[in-house]
$ cat entry_14.pdb   # PDB, C-alpha atoms
MODEL        1
ATOM      1  CA  MET A   3      11.652  34.887  13.904
ATOM      2  CA  LEU A   4      15.428  35.066  13.450
ATOM      3  CA  SER A   5      16.924  38.442  14.448
ATOM      4  CA  ILE A   6      19.572  40.313  12.479
ATOM      5  CA  GLU A   7      21.727  40.299  15.604
ATOM      6  CA  GLU A   8      21.832  36.500  15.615
ATOM      7  CA  ILE A   9      22.881  36.457  11.985
ATOM      8  CA  LYS A  10      25.630  39.043  12.553
ATOM      9  CA  LEU A  11      26.944  37.126  15.564
ATOM     10  CA  LEU A  12      27.193  33.889  13.617
ATOM     11  CA  ILE A  13      28.922  35.617  10.698
ATOM     12  CA  GLU A  14      31.462  37.133  13.069
ATOM     13  CA  LYS A  15      32.239  33.718  14.572
ATOM     14  CA  LEU A  16      32.567  32.079  11.186
ATOM     15  CA  GLU A  17      34.950  34.766   9.959
ATOM     16  CA  LYS A  18      37.254  34.211  12.945
ATOM     17  CA  VAL A  19      37.344  30.433  12.813
ATOM     18  CA  LYS A  20      40.576  28.674  11.815
ATOM     19  CA  ALA A  21      41.000  25.277  10.261
ATOM     20  CA  THR A  22      42.133  23.765  13.559
ATOM     21  CA  ASP A  23      38.946  24.966  15.221
ATOM     22  CA  PHE A  24      36.619  23.499  12.589
ATOM     23  CA  GLN A  25      35.491  20.481  14.587
ATOM     24  CA  GLU A  26      34.816  22.644  17.617
ATOM     25  CA  LEU A  27      32.807  25.010  15.412
ATOM     26  CA  ILE A  28      30.638  22.153  14.213
ATOM     27  CA  GLU A  29      29.994  20.866  17.724
ATOM     28  CA  THR A  30      29.413  24.294  19.230
ATOM     29  CA  HIS A  31      27.297  25.908  16.554
ATOM     30  CA  LEU A  32      25.371  23.062  14.943
ATOM     31  CA  LYS A  33      22.356  23.906  17.078
ATOM     32  CA  ILE A  34      22.573  27.560  16.007
ATOM     33  CA  LEU A  35      22.619  26.545  12.347
ATOM     34  CA  LYS A  36      19.613  24.268  12.843
ATOM     35  CA  ASP A  37      17.755  27.049  14.654
ATOM     36  CA  ILE A  38      18.444  29.333  11.680
ATOM     37  CA  GLU A  39      17.068  26.706   9.300
ATOM     38  CA  VAL A  40      13.888  26.298  11.348
ATOM     39  CA  SER A  41      13.430  30.055  11.721
ATOM     40  CA  VAL A  42      13.905  30.769   8.002
ATOM     41  CA  ASP A  43      11.571  27.937   7.020
ATOM     42  CA  ALA A  44       8.922  29.208   9.440
ATOM     43  CA  ASN A  45       9.248  32.729   8.079
ATOM     44  CA  ASN A  46       9.051  31.515   4.481
ATOM     45  CA  GLN A  47       5.898  29.538   5.235
ATOM     46  CA  GLU A  48       4.321  32.577   6.902
ATOM     47  CA  GLU A  49       5.035  34.636   3.779
ATOM     48  CA  ILE A  50       3.780  31.863   1.492
ATOM     49  CA  ASN A  51       0.448  31.698   3.325
ATOM     50  CA  ARG A  52       0.020  35.477   3.287
ATOM     51  CA  LEU A  53       0.724  36.362  -0.317
ATOM     52  CA  ASP A  54      -2.125  34.847  -2.338
ATOM     53  CA  LYS A  55      -2.998  37.345  -5.082
ATOM     54  CA  THR A  56      -6.471  38.883  -5.538
ATOM     55  CA  GLU A  57      -8.569  39.322  -8.678
ATOM     56  CA  GLU A  58      -7.866  43.069  -8.606
ATOM     57  CA  TRP A  59      -4.125  42.405  -8.402
ATOM     58  CA  PHE A  60      -4.238  40.165 -11.478
ATOM     59  CA  ALA A  61      -6.224  42.792 -13.411
ATOM     60  CA  ARG A  62      -3.612  45.479 -12.710
ATOM     61  CA  ASP A  63      -0.757  43.131 -13.528
ATOM     62  CA  LEU A  64      -2.369  42.104 -16.812
ATOM     63  CA  GLU A  65      -2.781  45.727 -17.870
ATOM     64  CA  ARG A  66       0.926  46.369 -17.272
ATOM     65  CA  LYS A  67       1.806  43.369 -19.413
ATOM     66  CA  ARG A  68      -0.354  44.597 -22.267
ATOM     67  CA  LEU A  69       1.874  47.668 -22.391
ATOM     68  CA  VAL A  70       5.174  45.870 -21.740
ATOM     69  CA  PRO A  71       5.141  42.134 -22.646
ATOM     70  CA  ILE A  72       7.340  39.982 -20.415
ATOM     71  CA  VAL A  73       7.959  37.207 -22.957
ATOM     72  CA  ASP A  74      10.436  38.244 -25.657
ATOM     73  CA  PRO A  75      10.348  36.677 -29.164
ATOM     74  CA  MET A  76      13.153  34.197 -28.418
ATOM     75  CA  LEU A  77      11.499  32.872 -25.255
ATOM     76  CA  PHE A  78       8.145  32.742 -27.032
ATOM     77  CA  ARG A  79       9.641  30.578 -29.747
ATOM     78  CA  LEU A  80      11.148  28.179 -27.204
ATOM     79  CA  ILE A  81       7.826  27.771 -25.393
ATOM     80  CA  GLN A  82       5.942  27.449 -28.677
ATOM     81  CA  THR A  83       8.287  24.688 -29.860
ATOM     82  CA  LYS A  84       7.741  22.794 -26.612
ATOM     83  CA  ILE A  85       3.944  23.095 -26.984
ATOM     84  CA  PHE A  86       4.180  21.704 -30.516
ATOM     85  CA  GLN A  87       5.802  18.534 -29.143
ATOM     86  CA  PHE A  88       2.368  17.698 -27.719
ATOM     87  CA  SER A  89       0.469  18.779 -30.826
ATOM     88  CA  ARG A  90      -1.120  16.479 -33.344
ATOM     89  CA  LYS A  91      -3.745  17.355 -35.922
ATOM     90  CA  ALA A  92      -7.223  16.436 -34.701
ATOM     91  CA  SER A  93      -8.040  15.146 -38.194
ATOM     92  CA  ALA A  94      -5.509  12.373 -37.630
ATOM     93  CA  ILE A  95      -7.549  11.066 -34.698
ATOM     94  CA  PRO A  96     -11.004  10.158 -36.087
ATOM     95  CA  GLY A  97     -13.749  10.201 -33.488
ATOM     96  CA  SER A  98     -11.535  11.369 -30.653
ATOM     97  CA  ASP A  99     -13.625  13.453 -28.252
ATOM     98  CA  ASN A 100     -10.898  13.995 -25.682
ATOM     99  CA  TYR A 101      -8.291  15.573 -27.959
ATOM    100  CA  ASN A 102      -8.743  18.969 -26.312
ATOM    101  CA  SER A 103      -6.431  21.487 -24.644
ATOM    102  CA  MET A 104      -6.866  23.751 -21.644
ATOM    103  CA  GLU A 105      -4.905  26.907 -20.904
ATOM    104  CA  ILE A 106      -4.922  28.163 -17.320
ATOM    105  CA  GLY A 107      -4.492  31.915 -16.960
ATOM    106  CA  PRO A 108      -4.291  32.882 -20.666
ATOM    107  CA  GLY A 109      -4.000  36.563 -19.676
ATOM    108  CA  THR A 110      -3.095  38.572 -22.773
ATOM    109  CA  GLY A 111      -3.565  35.491 -24.947
ATOM    110  CA  MET A 112       0.039  35.404 -26.153
ATOM    111  CA  PHE A 113      -0.032  31.594 -26.446
ATOM    112  CA  SER A 114      -3.742  31.044 -26.998
ATOM    113  CA  LYS A 115      -3.528  30.531 -30.768
ATOM    114  CA  GLU A 116      -0.876  27.847 -30.385
ATOM    115  CA  PHE A 117      -3.555  25.247 -29.543
ATOM    116  CA  ARG A 118      -5.419  25.421 -32.851
ATOM    117  CA  SER A 119      -4.496  21.848 -33.778
ATOM    118  CA  TRP A 120      -6.511  20.604 -30.805
ATOM    119  CA  ARG A 121     -10.213  19.907 -31.363
ATOM    120  CA  LEU A 122     -11.492  22.163 -28.579
ATOM    121  CA  ASN A 123      -9.627  24.858 -26.643
ATOM    122  CA  TYR A 124     -10.691  25.427 -23.039
ATOM    123  CA  PHE A 125      -9.547  28.635 -21.329
ATOM    124  CA  LEU A 126      -9.662  29.123 -17.576
ATOM    125  CA  ASP A 127      -9.057  32.544 -16.025
ATOM    126  CA  ILE A 128     -10.047  34.540 -12.970
ATOM    127  CA  LEU A 129     -10.785  37.632 -15.118
ATOM    128  CA  ALA A 130     -14.049  37.562 -17.080
ATOM    129  CA  ASP A 131     -13.006  40.152 -19.686
ATOM    130  CA  VAL A 132     -10.201  37.869 -20.915
ATOM    131  CA  GLU A 133     -12.706  36.002 -23.112
ATOM    132  CA  LEU A 134     -13.445  38.905 -25.447
ATOM    133  CA  LYS A 135      -9.758  39.740 -25.871
ATOM    134  CA  ILE A 136      -8.847  36.160 -26.759
ATOM    135  CA  ARG A 137     -11.777  35.670 -29.122
ATOM    136  CA  ARG A 138     -10.526  38.637 -31.148
ATOM    137  CA  ARG A 139      -7.406  36.627 -31.966
ATOM    138  CA  PHE A 140      -9.411  33.926 -33.772
ATOM    139  CA  LYS A 141     -11.279  33.974 -37.085
ATOM    140  CA  PRO A 142     -15.082  33.497 -37.029
ATOM    141  CA  ALA A 143     -14.806  29.877 -38.156
ATOM    142  CA  GLY A 144     -12.726  29.015 -35.117
ATOM    143  CA  GLN A 145     -14.973  30.627 -32.491
ATOM    144  CA  LYS A 146     -17.014  27.455 -31.989
ATOM    145  CA  ASN A 147     -13.905  25.651 -30.753
ATOM    146  CA  LEU A 148     -13.284  28.077 -27.875
ATOM    147  CA  LYS A 149     -14.738  27.352 -24.431
ATOM    148  CA  PHE A 150     -14.272  29.771 -21.521
ATOM    149  CA  PHE A 151     -14.599  29.096 -17.803
ATOM    150  CA  SER A 152     -14.165  31.270 -14.747
ATOM    151  CA  ALA A 153     -11.723  30.257 -12.006
ATOM    152  CA  ARG A 154     -12.710  30.995  -8.436
ATOM    153  CA  GLY A 155     -10.358  29.908  -5.681
ATOM    154  CA  THR A 156      -8.937  26.454  -6.286
ATOM    155  CA  GLN A 157     -12.150  24.676  -7.262
ATOM    156  CA  VAL A 158     -11.403  25.298 -10.900
ATOM    157  CA  THR A 159     -12.994  22.370 -12.703
ATOM    158  CA  ASP A 160     -16.660  23.127 -11.979
ATOM    159  CA  GLY A 161     -18.442  23.008 -15.329
ATOM    160  CA  LEU A 162     -15.524  21.407 -17.161
ATOM    161  CA  PRO A 163     -16.292  17.893 -18.453
ATOM    162  CA  LYS A 164     -14.519  15.068 -16.669
ATOM    163  CA  GLY A 165     -11.715  13.535 -18.743
ATOM    164  CA  SER A 166     -12.115  16.132 -21.479
ATOM    165  CA  CYS A 167      -8.507  17.246 -22.077
ATOM    166  CA  ASN A 168      -5.301  15.514 -23.071
ATOM    167  CA  PHE A 169      -3.085  18.599 -22.651
ATOM    168  CA  ILE A 170      -3.068  21.425 -20.066
ATOM    169  CA  PHE A 171      -0.764  24.436 -20.337
ATOM    170  CA  SER A 172      -0.028  27.492 -18.193
ATOM    171  CA  TRP A 173       2.640  30.193 -18.358
ATOM    172  CA  ASP A 174       3.072  33.226 -16.089
ATOM    173  CA  THR A 175       0.331  32.065 -13.711
ATOM    174  CA  PHE A 176       1.514  29.410 -11.243
ATOM    175  CA  VAL A 177       4.477  31.630 -10.274
ATOM    176  CA  PHE A 178       1.943  33.797  -8.424
ATOM    177  CA  PHE A 179       0.303  30.952  -6.479
ATOM    178  CA  THR A 180       1.195  29.799  -2.992
ATOM    179  CA  GLN A 181       2.492  26.260  -2.679
ATOM    180  CA  LYS A 182      -0.792  25.231  -1.074
ATOM    181  CA  HIS A 183      -2.732  26.833  -3.935
ATOM    182  CA  ILE A 184      -0.548  25.084  -6.537
ATOM    183  CA  GLN A 185      -1.113  21.688  -4.947
ATOM    184  CA  GLN A 186      -4.874  22.168  -4.779
ATOM    185  CA  TYR A 187      -4.955  23.315  -8.399
ATOM    186  CA  ILE A 188      -2.948  20.342  -9.620
ATOM    187  CA  LYS A 189      -5.156  18.006  -7.613
ATOM    188  CA  ASP A 190      -8.355  19.555  -8.969
ATOM    189  CA  ILE A 191      -7.416  19.583 -12.664
ATOM    190  CA  LYS A 192      -6.656  15.866 -12.503
ATOM    191  CA  ARG A 193     -10.404  15.349 -12.938
ATOM    192  CA  VAL A 194     -10.344  17.116 -16.309
ATOM    193  CA  LEU A 195      -7.221  15.383 -17.626
ATOM    194  CA  ILE A 196      -7.598  12.000 -19.304
ATOM    195  CA  PRO A 197      -5.347   9.097 -18.223
ATOM    196  CA  GLY A 198      -2.034   9.657 -19.976
ATOM    197  CA  GLY A 199      -2.668  13.388 -20.446
ATOM    198  CA  TYR A 200       0.109  15.943 -20.015
ATOM    199  CA  ILE A 201       0.510  19.165 -18.028
ATOM    200  CA  PHE A 202       3.101  21.807 -18.949
ATOM    201  CA  ILE A 203       3.406  24.761 -16.536
ATOM    202  CA  GLN A 204       5.840  27.453 -15.510
ATOM    203  CA  TYR A 205       6.747  27.650 -11.835
ATOM    204  CA  ALA A 206       9.088  29.694  -9.637
ATOM    205  CA  ASP A 207      12.340  28.033  -8.587
ATOM    206  CA  CYS A 208      13.919  30.185  -5.903
ATOM    207  CA  HIS A 209      17.109  28.154  -6.061
ATOM    208  CA  TYR A 210      17.918  30.743  -8.752
ATOM    209  CA  ASP A 211      18.613  34.390  -7.951
ATOM    210  CA  ILE A 212      16.144  35.822 -10.492
ATOM    211  CA  ASP A 213      13.242  33.818  -9.104
ATOM    212  CA  LEU A 214      14.307  34.525  -5.522
ATOM    213  CA  GLN A 215      14.410  38.268  -6.155
ATOM    214  CA  GLU A 216      10.882  38.175  -7.616
ATOM    215  CA  ALA A 217       9.717  36.356  -4.474
ATOM    216  CA  LYS A 218      11.573  38.707  -2.103
ATOM    217  CA  ARG A 219       9.837  41.714  -3.638
ATOM    218  CA  SER A 220       6.503  39.883  -3.171
ATOM    219  CA  TYR A 221       5.767  39.689  -6.903
ATOM    220  CA  TRP A 222       6.067  35.931  -7.303
ATOM    221  CA  ASN A 223       5.359  33.496  -4.506
ATOM    222  CA  TYR A 224       8.182  31.497  -2.954
ATOM    223  CA  ASN A 225       8.631  28.049  -4.485
ATOM    224  CA  THR A 226      11.477  25.692  -5.417
ATOM    225  CA  LYS A 227      12.099  22.732  -7.688
ATOM    226  CA  THR A 228      12.402  20.539  -4.593
ATOM    227  CA  VAL A 229       8.954  21.501  -3.329
ATOM    228  CA  MET A 230       7.407  21.408  -6.801
ATOM    229  CA  THR A 231       8.697  17.879  -7.352
ATOM    230  CA  LYS A 232       7.202  16.800  -4.037
ATOM    231  CA  ILE A 233       3.819  18.358  -4.874
ATOM    232  CA  ILE A 234       3.622  16.713  -8.299
ATOM    233  CA  GLU A 235       4.558  13.281  -6.983
ATOM    234  CA  GLU A 236       2.216  13.535  -3.984
ATOM    235  CA  GLU A 237      -0.684  14.126  -6.379
ATOM    236  CA  GLY A 238       0.155  10.929  -8.240
ATOM    237  CA  TYR A 239       1.585  12.349 -11.459
ATOM    238  CA  GLU A 240       4.617  11.083 -13.353
ATOM    239  CA  ILE A 241       7.315  13.709 -13.946
ATOM    240  CA  VAL A 242       8.432  13.908 -17.577
ATOM    241  CA  GLU A 243      10.759  16.921 -17.426
ATOM    242  CA  MET A 244      11.748  19.687 -15.021
ATOM    243  CA  ASN A 245      13.992  22.210 -16.705
ATOM    244  CA  GLN A 246      14.327  25.869 -17.689
ATOM    245  CA  PHE A 247      14.554  27.848 -20.903
ATOM    246  CA  ARG A 248      16.582  30.408 -18.962
ATOM    247  CA  PRO A 249      16.734  31.625 -15.334
ATOM    248  CA  GLY A 250      13.274  32.888 -14.448
ATOM    249  CA  ALA A 251      11.649  30.638 -17.040
ATOM    250  CA  ASN A 252      11.465  27.309 -15.207
ATOM    251  CA  TYR A 253       8.907  24.725 -16.203
ATOM    252  CA  ALA A 254       7.581  21.314 -15.233
ATOM    253  CA  ILE A 255       6.044  18.730 -17.550
ATOM    254  CA  PHE A 256       4.205  15.832 -15.968
ATOM    255  CA  ARG A 257       1.494  13.347 -16.895
ATOM    256  CA  LYS A 258      -1.439  11.567 -15.368
ATOM    257  CA  PRO A 259      -0.785   7.811 -15.363
ATOM    258  CA  GLY A 260      -2.728   5.870 -17.977
ATOM    259  CA  LYS A 261      -2.940   5.042 -21.686
ATOM    260  CA  GLN A 262      -6.036   6.822 -22.978
ATOM    261  CA  ASN A 263      -4.194   9.787 -24.478
ATOM    262  CA  PRO A 264      -4.603   9.774 -28.288
ATOM    263  CA  THR A 265      -1.293  11.663 -28.537
ATOM    264  CA  VAL A 266       1.743   9.780 -27.319
ATOM    265  CA  VAL A 267       4.796  11.997 -26.930
ATOM    266  CA  ASP A 268       8.210  10.546 -27.738
ATOM    267  CA  ILE A 269       9.771  10.973 -24.307
ATOM    268  CA  SER A 270      13.229  10.267 -25.729
ATOM    269  CA  LYS A 271      13.020  13.616 -27.512
ATOM    270  CA  ILE A 272      12.314  15.473 -24.276
ATOM    271  CA  LYS A 273      15.273  16.049 -22.016
ATOM    272  CA  ILE A 274      14.625  14.795 -18.494
ATOM    273  CA  ASP A 275      16.536  16.784 -15.891
TER     274      ASP A 275
ENDMDL
END
$ encode --input "entry_14.pdb" --output "structure tokens"
Amino acid sequence: MLSIEEIKLLIEKLEKVKATDFQELIETHLKILKDIEVSVDANNQEEINRLDKTEEWFARDLERKRLVPIVDPMLFRLIQTKIFQFSRKASAIPGSDNYNSMEIGPGTGMFSKEFRSWRLNYFLDILADVELKIRRRFKPAGQKNLKFFSARGTQVTDGLPKGSCNFIFSWDTFVFFTQKHIQQYIKDIKRVLIPGGYIFIQYADCHYDIDLQEAKRSYWNYNTKTVMTKIIEEEGYEIVEMNQFRPGANYAIFRKPGKQNPTVVDISKIKID
């Protein structure tokens, strides 16, 4: 692991260098810089592997968010508008059995009612008591359209019908997962998504200071847009958009290749970063 002394020594040398010495600096200290890169990467990976959150941790975090919501009205509206780009009334798709949504980690249920235009709404969460809290947000007539499943580890699709959803959404959940956990999740939910179905999730991009600070205090897990792009493409998805509503609110939209989705989104209306 890189020592603070090594960092201070390199800073001191860089501060003293003059323009005429630049080439010598490169030749002399390139190895040091590469060693720093390797050391930091190794340390980051060690932290990433160590910081998977527990069920008890999520329960405490959820209780705090009930008291102090983290999504303000303006951000909520931006996310809601993006969700509606994938929405289409089920009545307009006669006989469609795979016009269903799934929300991963609904938590307080702040977005759970935004999927009412879908035929069925699947909810996947590690906390069992989430079901009762979300059901209270819906009228009796809509209860039959709600399906709840418990997530344990990364094998999340047990019990969920294969090819049952055309849209999967998650906010304030994947920011807490390790990169390994994220990749396994994305791989596993592919079974539930129909060909051509979309996924819209928030993720941490530590290229930005806000996200990096959340990771450094061990609240979020370390992740970047570079790594997230690699994960999505390795699992065979097509990236539609990777953007942010604001720093700390980064999201990725991607789709499973295919043409079975009854809802076809006008990609020209979605900015591709």
$ closest_residue --input "entry_14.pdb" --among "A:Ser89, A:Thr83, A:Asn252, A:Asn223" --to "A:Phe179" --atoms "only C-alpha atoms"
A:Asn223
$ closest_residue --input "entry_14.pdb" --among "A:Gln262, A:Thr226, A:Gln186, A:Gln204" --to "A:Ile170" --atoms "only C-alpha atoms"
A:Gln204
$ atom_distance --input "entry_14.pdb" --atom1 "atom CA of A:Phe78" --atom2 "atom CA of A:Ser166"
26.8 Å
$ resolve_selection --input "entry_14.pdb" --expression "the PyMOL selection byres ((chain A and resi 136) around 9)" --output "PyMOL selection string"
chain A and resi 108-112+114-115+132-135+137-140
$ closest_residue --input "entry_14.pdb" --among "A:Gln215, A:Gly199, A:Tyr221, A:Lys261" --to "A:Ile241" --atoms "only C-alpha atoms"
A:Gly199
$ atom_distance --input "entry_14.pdb" --atom1 "atom CA of A:Ala251" --atom2 "atom CA of A:Gln185"
19.7 Å
$ closest_residue --input "entry_14.pdb" --among "A:Asn168, A:Val177, A:Glu243, A:Phe113" --to "A:Leu80" --atoms "all atoms listed in the file"
A:Phe113
$ atom_distance --input "entry_14.pdb" --atom1 "atom CA of A:Gly238" --atom2 "atom CA of A:Pro259"
7.8 Å
$ resolve_selection --input "entry_14.pdb" --expression "the PyMOL selection byres ((chain A and resi 121) around 8)" --output "VMD selection string"
chain A and resid 92 99 101 to 103 118 to 120 122 to 123 147
$ closest_residue --input "entry_14.pdb" --among "A:Val70, A:Ala143, A:Val229, A:Ile196" --to "A:Lys258" --atoms "only C-alpha atoms"
A:Ile196
$ axis_aligned_box --input "entry_14.pdb" --around "stretch 63-79 of chain A" --padding-each-side "5 Å" --output "AutoDock Vina command-line options"
--center_x 5.2 --center_y 39.1 --center_z -21.6 --size_x 25.9 --size_y 27.1 --size_z 26.2
$ residues_around --input "entry_14.pdb" --residues "A:Leu64" --least-positions-apart "2" --cutoff "12 Å" --atoms "all atoms listed in the file" --output "list of chain:residue names"
A:Glu57, A:Glu58, A:Trp59, A:Phe60, A:Ala61, A:Arg62, A:Arg66, A:Lys67, A:Arg68, A:Leu69, A:Val70, A:Pro71, A:Ile72, A:Gly107, A:Pro108, A:Gly109, A:Thr110, A:Gly111, A:Met112, A:Asp127, A:Ile128, A:Leu129, A:Asp131, A:Val132, A:Lys135, A:Asp174, A:Thr175
$ residues_around --input "entry_14.pdb" --residues "A:Tyr239" --least-positions-apart "2" --cutoff "6 Å" --atoms "all atoms listed in the file" --output "VMD selection string"
chain A and resid 234 to 235 237 257 to 258
$ closest_residue --input "entry_14.pdb" --among "A:Phe247, A:Phe178, A:Tyr224, A:Phe117" --to "A:Phe88" --atoms "only C-alpha atoms"
A:Phe117
